[in-house]
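**Student:** I'm passing along start21.cif; it holds mmCIF, C-alpha atoms.
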data_coords
#
loop_
_atom_site.group_PDB
_atom_site.id
_atom_site.type_symbol
_atom_site.label_atom_id
_atom_site.label_comp_id
_atom_site.auth_asym_id
_atom_site.auth_seq_id
_atom_site.Cartn_x
_atom_site.Cartn_y
_atom_site.Cartn_z
ATOM 1 C CA MET A 1 -93.190 33.594 34.330
ATOM 2 C CA ALA A 2 -91.544 32.643 31.074
ATOM 3 C CA THR A 3 -88.285 30.748 31.221
ATOM 4 C CA LYS A 4 -85.457 30.297 28.773
ATOM 5 C CA PRO A 5 -82.839 27.545 28.708
ATOM 6 C CA ILE A 6 -79.259 28.790 28.862
ATOM 7 C CA PRO A 7 -76.066 26.831 28.242
ATOM 8 C CA VAL A 8 -73.768 26.878 31.270
ATOM 9 C CA ARG A 9 -70.522 24.957 31.738
ATOM 10 C CA ILE A 10 -70.120 23.611 35.263
ATOM 11 C CA PRO A 11 -67.247 21.348 36.367
ATOM 12 C CA ASP A 12 -68.179 17.715 36.971
ATOM 13 C CA ASP A 13 -67.324 17.847 40.687
ATOM 14 C CA SER A 14 -69.574 20.881 41.134
ATOM 15 C CA LEU A 15 -72.386 19.111 39.292
ATOM 16 C CA ASP A 16 -72.016 16.171 41.658
ATOM 17 C CA GLN A 17 -72.391 18.558 44.617
ATOM 18 C CA ILE A 18 -75.399 20.274 43.030
ATOM 19 C CA ASP A 19 -77.066 16.932 42.314
ATOM 20 C CA SER A 20 -76.411 15.738 45.862
ATOM 21 C CA ALA A 21 -77.897 18.919 47.343
ATOM 22 C CA ALA A 22 -80.895 18.705 45.012
ATOM 23 C CA ARG A 23 -81.602 15.119 46.098
ATOM 24 C CA LYS A 24 -81.429 16.136 49.769
ATOM 25 C CA LEU A 25 -83.866 18.975 49.065
ATOM 26 C CA THR A 26 -86.128 16.665 47.032
ATOM 27 C CA THR A 27 -85.807 18.757 43.903
ATOM 28 C CA ASN A 28 -83.735 18.582 40.738
ATOM 29 C CA ARG A 29 -80.619 20.276 39.406
ATOM 30 C CA GLY A 30 -82.456 22.795 37.227
ATOM 31 C CA ARG A 31 -84.825 23.919 39.957
ATOM 32 C CA LEU A 32 -82.003 24.243 42.474
ATOM 33 C CA LEU A 33 -79.920 26.319 40.077
ATOM 34 C CA ALA A 34 -82.897 28.510 39.138
ATOM 35 C CA PHE A 35 -83.721 29.035 42.845
ATOM 36 C CA SER A 36 -80.105 29.932 43.604
ATOM 37 C CA VAL A 37 -79.923 32.458 40.785
ATOM 38 C CA GLN A 38 -83.291 34.007 41.671
ATOM 39 C CA THR A 39 -82.404 34.233 45.368
ATOM 40 C CA PHE A 40 -79.021 35.798 44.662
ATOM 41 C CA THR A 41 -80.374 38.355 42.188
ATOM 42 C CA GLU A 42 -83.230 39.431 44.504
ATOM 43 C CA TYR A 43 -80.729 39.942 47.329
ATOM 44 C CA PHE A 44 -78.343 41.829 45.055
ATOM 45 C CA GLU A 45 -81.116 44.068 43.701
ATOM 46 C CA ASP A 46 -82.124 44.987 47.258
ATOM 47 C CA ARG A 47 -78.610 45.696 48.518
ATOM 48 C CA GLN A 48 -76.723 46.612 45.328
ATOM 49 C CA VAL A 49 -73.690 44.854 46.791
ATOM 50 C CA CYS A 50 -72.685 41.305 47.604
ATOM 51 C CA ALA A 51 -69.386 39.771 48.629
ATOM 52 C CA MET A 52 -68.038 36.881 46.589
ATOM 53 C CA PRO A 53 -68.501 34.143 47.411
ATOM 54 C CA PRO A 54 -71.935 35.138 48.705
ATOM 55 C CA ASP A 55 -72.919 34.536 52.327
ATOM 56 C CA TRP A 56 -75.948 32.305 51.669
ATOM 57 C CA ARG A 57 -76.999 32.249 55.333
ATOM 58 C CA ASP A 58 -77.244 36.045 55.300
ATOM 59 C CA ILE A 59 -79.013 36.054 51.923
ATOM 60 C CA LEU A 60 -81.648 33.513 52.981
ATOM 61 C CA LYS A 61 -82.145 35.163 56.386
ATOM 62 C CA SER A 62 -82.608 38.553 54.709
ATOM 63 C CA LEU A 63 -85.104 37.214 52.178
ATOM 64 C CA ALA A 64 -87.026 35.278 54.844
ATOM 65 C CA ALA A 65 -87.353 38.444 56.925
ATOM 66 C CA SER A 66 -88.885 40.286 53.964
ATOM 67 C CA GLN A 67 -91.514 37.579 53.329
ATOM 68 C CA PRO A 68 -94.888 37.400 55.088
ATOM 69 C CA PRO A 69 -95.038 34.644 57.721
ATOM 70 C CA ALA A 70 -96.022 31.263 56.332
ATOM 71 C CA LYS A 71 -99.221 29.688 57.603
ATOM 72 C CA SER A 72 -98.665 26.421 59.399
ATOM 73 C CA ALA A 73 -99.922 23.308 57.681
ATOM 74 C CA GLY A 74 -102.135 22.500 60.670
ATOM 75 C CA SER A 75 -103.936 25.849 60.811
ATOM 76 C CA LYS A 76 -107.683 25.771 60.252
ATOM 77 C CA ARG A 77 -109.137 27.969 57.554
ATOM 78 C CA GLY A 78 -112.080 30.225 58.174
ATOM 79 C CA LYS A 79 -111.616 30.493 61.941
#
Would you mind writing the file out in structure tokens?
**Tutor:**
Amino acid sequence: MATKPIPVRIPDDSLDQIDSAARKLTTNRGRLLAFSVQTFTEYFEDRQVCAMPPDWRDILKSLAASQPPAKSAGSKRGK
């Protein structure tokens, strides 16, 4: 998928929160923001409605339910 940089102004205190969350999730600011935007837009496209501010628990639960179950890391292949 092609990506394009976009200029966005975010208050310093919000950036601090984003950076803190990204560190806890072992990712970076850009990836966290891209994930958040992608997750929100997929949810919105499915439902055509979303309250503001969005209910992230509901969004993530809804998206997880629509995904195939993940294979556990300890599962053996070919059996």
**Student:** Please list as a list in words every residue within 12 Å of A:Gly30, counting all atoms listed in the file and excluding residues in the same chain fewer than 2 positions away.
**Tutor:**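 Using all atoms listed in the file, the neighbours found are Thr3, Lys4, Pro5, Ile6, Pro7, Val8, Leu15, Ile18, Asp19, Ala21, Ala22, Arg23, Thr27, Asn28, Leu32, Leu33, Ala34, Phe35, Ser36 and Val37 of chain A.
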**Student:** By how many Å are atom CA of A:Pro11 and atom CA of A:Ile59 apart?
**Tutor:**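 We find that atom CA of A:Pro11 and atom CA of A:Ile59 lie 24.4 Å from each other.
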**Student:** Have a look at A:Ala65, A:Met52, A:Met1, A:Ile10 and name the one nearest to A:Phe40; count only C-alpha atoms.
**Tutor:**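 The answer is A:Met52, which sits nearest to A:Phe40.
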**Student:** Mind pulling up the distance from atom CA of A:Thr26 to atom CA of A:Leu60?
**Tutor:**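 Result for atom CA of A:Leu60 versus atom CA of A:Thr26: 18.4 Å, one decimal.
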**Student:** Find the axis-aligned box for stretch 22-28 of chain A, covering all its listed atoms and adding 5 Å on each side, and write its centre and edge lengths in Å to one decimal as AutoDock Vina command-line options.
**Tutor:**
--center_x -83.5 --center_y 17.0 --center_z 45.3 --size_x 15.2 --size_y 13.9 --size_z 19.0
**Student:** Take atom CA of A:Cys50 and atom CA of A:Arg29 and report the distance between them in Å, one decimal.
**Tutor:**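 Calculated distance between atom CA of A:Cys50 and atom CA of A:Arg29 is 23.9 Å.
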**Student:** Would you translate the PyMOL selection byres ((chain A and resi 44) around 12) into the concrete set of residues it matches in this file, as a PyMOL selection string?
**Tutor:** chain A and resi 37-43+45-52+54-56+58-60+62-63
